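Report on one structure; see the data block that follows.
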Amino acid sequence: MGTKKLKIYTFCSAVIWVIVVLSFWVNMVQCQDLSGNGQVDDPAVQVMTQFVYSMLSNLTSVLSRQISNHSNFCIRDPDADWNKAFNFSSNLDFLASCVQKYKENVARRFCSAAEMKAYFNTFFEGSGSPNYLKPNKNCNLTSWLPGCEPGWACSLSPNQQVDLQNSHEIPSRTRDCDACCEGFFCPRGLTCMIPCPLGSYCPLATLNKDTGTCEPYNYQLPPGQTNHTCGGANLWADVANSLEMFCSAGSYCPTTIQKRPCDSGHYCRMGSTSEKRCFRLTSCNPNTANQDMHAYGVMLIAATSTLLLIIYNCSDQVIAARERRLAKTREAAARSARETVKARQKWKAARDAAKKHASGLQAHISRTFSRKKSSRHPEQLKILDKTNAETDSDLHPHVHTSTLYASTSSEFPPSSKTSKGRQMEPVGLMKMMHDIEDDCQNFEPFNLEIGVTKADGHMPKGKQINTDSQIFKYAYAQLEKEKALQQENTNLTFSGVVSMATNPEIRKRPLIEVSFTDLTVTLKANDKHLLRYVTGKIKPGHITAVMGPSGAGKTTFISALAGKAIGCKMTGAILINGKDESIHSYRKIIGFVPQDDIVHGNLTVEENLQFNAKCRLSAGLSRPDKVLIVERVIESLGLQMVRDSLVGTVEKRGISGGQRKRVNVGLEMVMEPSLLILDEPTSGLDSASSQLLLRALRHEALEGVNICMVVHQPSYALFNMFDDLVLLARGGLTVYHGSAKKAEEYFSSLGINVPERVNPPDYFIGILEGMVEPNTSSGVNYKELPVKWMLHNGYPVPPDMQQHAHRLATPAAGVDQEHRTNLTGAKERSFAGELWQDVKGNLEFHRDKIRHNFLVSKDLSNRRTPGIFLQYRYFLGRVSKQRMREARLQAVDYLILLLAGACLGSLTTMSDQNFGSNSYIHTIIAVSLLCKIAALRSFSLDKLQYWRESSSGMSSLAYFLAKDTVDHFNTVIKPLVYLSMFYFFTNPRSTFADNYVVLLSLVYCVTGIAYILAIFFQPGPAQLWCVLLPIVFTLVATQTKDSAILKKISNLCYSKWALEAFVIANAERYYGVWLITRCGALMKSGFDLHAWTLCICLLLFAGLVSRGIAFLGMFTFKKKNECHCLQSKYIHTVSAGQKAET
């Protein structure tokens, strides 16, 4: 510390002591009459106190401003602190005895401002200082007169005027040297008295003849003076240097000359002026410094452990019970729907029979009673009757299986068109038919019309569906209607087909046709072609299969169509419905099923599908319609038996692999896409599961959905279910693109015939792999098949394939002459060139990825999905349910935190010298480490799910806020769990509320930092950083601030703010005799007593900023996409192809 700072602090210290003494005298003068002990009734004493007060009152007001300006870092309220330290109004015995001893000369024995300033200089000046041991001109190394020894004081000479305000000149005290009064202390080198503060014990010292020291102060008598006696107290400083002056632990000192032992049932800390009653259930023996609160700790451990065990064992049961209730409601609704359908079928049969009988009776009556001869020919009557029958069949309700907004068509009203004969029906017959219809309606268990939707997809007005029972009844009623309609469609008459085709209420989803011309995809890093000159289109209502050997670019092809090829250079054209528009403009109605089964394992099958339906369907769609869509997908994929089963994770077994694959596809089907792209959806499925999946996709295609899927060697039955086929060779070249049924015909034209009992797809891929030789005499090599296709369709042939084109046939006239450069003749790069190219490619990839993540395209899908707030609500419900299922893991976290609090609380001690700083350092490290590692799970375990959901258009902000909101529960509970052990074991002077607020802010801060680590790093490195950061930050924060750079760095560490808040909350509970200890410790640490609120705000701000950085990183640096990840795959497949050629 610099000399200038020491002088400033010395001056401030002197000012403090002047104020202390003046405050003492003011209190003494004002409160003398309040003492009831009768020892201050001497008129001489009263006159003397009034005289001292008149001299010092003016100095008090002047110096009080200086103390508040220069020492506010350790004093929050000067008046309150001085009152706690020097308010002797309750007992003035020590002052009365001193006044009676010295009478009117007592004021001459008190220290002046200059002497107090000289005393405090000794705290900062060493033996090399010229002023060392020379505060009084009579007390130096060469002259040591009586009164200079510790514990003794002298009086001014009679001719000297008492001027306590003089802070520049130290008076000479040589008369009447005597021991310091009780309740005062007299420092060595001074010859005056200073009152001891409250909480201290300042009796007269007694000589220990064995050691030669004056106890309890441990100073020695002047050498060579055998008849000298011990004086009073000699020093008031911090607790480390003046421990003897502090009232000892286990005792309390109501005055500075009285010391009493603590009674049973009470505890007394060091420096106490009164004893405190112990809490109930705690043991407090006599003379104890702290109450034994281990009983509370044991009770809290038992209660918390019991609660955690209950949560550990019953969390799944709570959710399962609710699911069972919903399952019962759903089963009852399905059973009711089936019974209703059966009843409706019986009613229809009865109605048709009655109408047939009425028609026959009408004809009979007409022939009998008609006066005009019928002009109709019998054959014509027969045809009309048939026509009427067909018209009657159109009275059956028609339900559209699915529309873009899950709308179902309402029942057609009975036809109002009747023949002329029917216009002459008797009134009785019409009445009979109406009665039958009325009876039928009354027979139904519930009105089927409750769930009939209009063409716009909304529920009928006046018929609200709110309860789960009503929703399920509506959904299953519609499903039964759809089944009946599908059954009727198998045997439709021509008029029925025309009626369905012209029905204006049946709408299909928006059609999306994707056409591509000369589509080429190249890796930017090494200019390797993943896809070359692919031309064609995928059509709505068709299922297009993309096939080929490994390394043929199948995944790259569908990724390029879906706009997910990042880090690649794409050339060619991709048109949407014949227009040059971005595929991202239709993202809301495009479904992409990844190759991996990216599904939430801690949710059930139904919960996964319901969440996607809520977030990706139209916001204006009613809840019953969304439930209907989910139920339809579950039934079409054959997932009824496992709908309430957890999908499962690596640690916890769930549904089978085939069912998981179908759930993966169902996540995209529930949003009712217009374009559905699937990456190997049948991989890992058996033949039956694959056919079930293809039937569901075929149902989607019938509604106009454009389906494109990558398939690996499908069976012959699956192959026949495809409409179109895209066959790619290694290197991304097209071998065939057209109707799947005409593929064999095309290859036969090349002389490649599929042998009998051989699956055509297997045979084609075997040829492209080079593993099967084509049984042809034409001499066509598998490398020439892409050229054959180009020549067959008149496409331009790439320059590096011209040799094959010239050998097979004359090059087409449309050969592109601008690309004659032989790409195979590229020069090999040096090692430095390859390294630079890799670095450049990596930078370009990250640039393209960031640009892609911030890409904003015009929405052309005409679908308004739920907004951020509604998605936040959906995410919040999902994350809450996931955390409830992870309650066992949460319970383990709480148990570990509980044990950490118990261990640190029992192994560390709350030191009064540094206000528990060491214990709080251990707390900061332990809580930071445990809470960070636990918070990593919030984002590190769901990265794949987030990448999929965000790419489909779900809100990243809603996802992040929902995760953070649920984590606030841990932020609130974990400080309670830790402090329930640590606080009651260490029993600091600060309140439980203060410690909880600091720890709450700390947990909030480190949780945000953990978010950053979880998003920017893989789980392994993130855990390592979670361990290192708390230790490094705490070490930096606790180092001495000799370096300005180190001080600035420590100000950026959250552990410094947390430690300062902990220490300040504890230090402000130390007052009275602890005043110097408090100021010294805070000054050494660089803490400010007024900065507690600032520290809390900084911790909260750091947590908020770290969350913002985490969200920005989560949104910016998403999954590395196909082009970047396929580079190693490309190299592997190329080497495998070379081995196959060999």
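Chains: A, B, ... in order of the structure tokens. Residues: from 1 per chain. Ligands: from 1, in order shown.
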Show which residues sit within 12 Å of segment 991-1000 of chain A, as a PyMOL selection string. Count only C-alpha atoms, and ignore same-chain residues fewer than 5 positions away.
-> chain A and resi 920+923-928+931+968-984+986+1005-1007+1054-1055+1057-1069+1092-1100+1103
Restrict the calculation to only C-alpha atoms, then for each residue of segment 534-575 of chain A with any atom at most 6 Å from an atom of segment 725-738 of chain A give the closest atom pair and their distance in Å to one decimal, rows by chain and rising residue number, as JSON lines.
```
{"residue": "A:Val534", "atom": "CA", "partner": "A:Thr734", "partner_atom": "CA", "distance": 5.9}
{"residue": "A:Thr544", "atom": "CA", "partner": "A:Leu725", "partner_atom": "CA", "distance": 5.5}
{"residue": "A:Ala545", "atom": "CA", "partner": "A:Leu725", "partner_atom": "CA", "distance": 4.8}
{"residue": "A:Val546", "atom": "CA", "partner": "A:Val726", "partner_atom": "CA", "distance": 4.7}
{"residue": "A:Met547", "atom": "CA", "partner": "A:Leu727", "partner_atom": "CA", "distance": 5.0}
{"residue": "A:Gly548", "atom": "CA", "partner": "A:Leu728", "partner_atom": "CA", "distance": 4.9}
{"residue": "A:Gly551", "atom": "CA", "partner": "A:Arg730", "partner_atom": "CA", "distance": 5.5}
{"residue": "A:Ala552", "atom": "CA", "partner": "A:Arg730", "partner_atom": "CA", "distance": 3.9}
{"residue": "A:Gly553", "atom": "CA", "partner": "A:Gly732", "partner_atom": "CA", "distance": 4.9}
```
Excluding same-chain residues fewer than 6 positions from segment 248-265 of chain A, what lies within 6 Å of it counting only C-alpha atoms, as a list in words?
-> Gly183, Ser200, Tyr201, Cys202, Pro203, Ser272, Thr273, Ser274, Cys278, Cys284, Asn285, Pro286, Asn287, Thr288 and Ala289 of chain A
If you count only C-alpha atoms, which residues fall within 10 Å of Leu511 of chain A, apart from same-chain ones fewer than 5 positions away, as a VMD selection string?
-> chain A and resid 539 to 541 576 to 577 673 to 675 703 to 706
What separation in Å, quoted to one decimal, exists between atom CA of Lys483 of chain A and atom CA of Leu694 of chain A?
-> 18.3 Å
Which polymer residues have any atom within 7 Å of an atom of Cys186 of chain A, counting only C-alpha atoms, with same-chain residues fewer than 6 positions away left out, as an MDAnalysis selection string?
-> chainID A and resid 150:153 180 192:194 233:235
Same residues, N, CA, C and O atoms, saved as an mmCIF file, in the first residue's frame:
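Contents of selection.cif, freshly written:
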```cif
data_model
loop_
_atom_site.group_PDB
_atom_site.id
_atom_site.type_symbol
_atom_site.label_atom_id
_atom_site.label_comp_id
_atom_site.auth_asym_id
_atom_site.auth_seq_id
_atom_site.Cartn_x
_atom_site.Cartn_y
_atom_site.Cartn_z
ATOM 1 N N PRO A 150 2.644 0.648 28.774
ATOM 2 C CA PRO A 150 1.264 0.282 28.425
ATOM 3 C C PRO A 150 0.392 0.204 29.669
ATOM 4 O O PRO A 150 0.821 -0.244 30.739
ATOM 5 N N GLY A 151 -0.864 0.650 29.510
ATOM 6 C CA GLY A 151 -1.835 0.566 30.595
ATOM 7 C C GLY A 151 -1.747 1.698 31.583
ATOM 8 O O GLY A 151 -2.447 1.673 32.600
ATOM 9 N N TRP A 152 -0.914 2.709 31.325
ATOM 10 C CA TRP A 152 -0.763 3.833 32.235
ATOM 11 C C TRP A 152 -1.071 5.127 31.504
ATOM 12 O O TRP A 152 -0.899 5.232 30.304
ATOM 13 N N ALA A 153 -1.513 6.142 32.291
ATOM 14 C CA ALA A 153 -1.842 7.449 31.737
ATOM 15 C C ALA A 153 -1.425 8.529 32.710
ATOM 16 O O ALA A 153 -1.344 8.300 33.920
ATOM 17 N N CYS A 180 -4.331 3.037 34.202
ATOM 18 C CA CYS A 180 -5.525 3.406 33.421
ATOM 19 C C CYS A 180 -6.773 2.948 34.165
ATOM 20 O O CYS A 180 -6.793 1.889 34.797
ATOM 21 N N CYS A 192 -2.421 8.860 27.804
ATOM 22 C CA CYS A 192 -3.808 9.280 27.945
ATOM 23 C C CYS A 192 -4.715 8.068 27.872
ATOM 24 O O CYS A 192 -4.281 6.961 27.528
ATOM 25 N N MET A 193 -6.017 8.279 28.173
ATOM 26 C CA MET A 193 -6.987 7.198 28.239
ATOM 27 C C MET A 193 -8.026 7.348 27.124
ATOM 28 O O MET A 193 -8.436 8.453 26.780
ATOM 29 N N ILE A 194 -8.457 6.182 26.597
ATOM 30 C CA ILE A 194 -9.527 6.087 25.593
ATOM 31 C C ILE A 194 -10.544 5.098 26.112
ATOM 32 O O ILE A 194 -10.168 4.009 26.579
ATOM 33 N N ALA A 233 -6.081 -1.760 30.507
ATOM 34 C CA ALA A 233 -5.983 -2.266 29.131
ATOM 35 C C ALA A 233 -5.053 -1.385 28.325
ATOM 36 O O ALA A 233 -4.939 -0.181 28.576
ATOM 37 N N ASN A 234 -4.394 -2.022 27.346
ATOM 38 C CA ASN A 234 -3.372 -1.282 26.615
ATOM 39 C C ASN A 234 -3.624 -1.179 25.112
ATOM 40 O O ASN A 234 -2.924 -0.416 24.448
ATOM 41 N N LEU A 235 -4.576 -1.918 24.575
ATOM 42 C CA LEU A 235 -4.689 -1.939 23.119
ATOM 43 C C LEU A 235 -6.101 -2.318 22.702
ATOM 44 O O LEU A 235 -6.706 -3.248 23.242
#
```
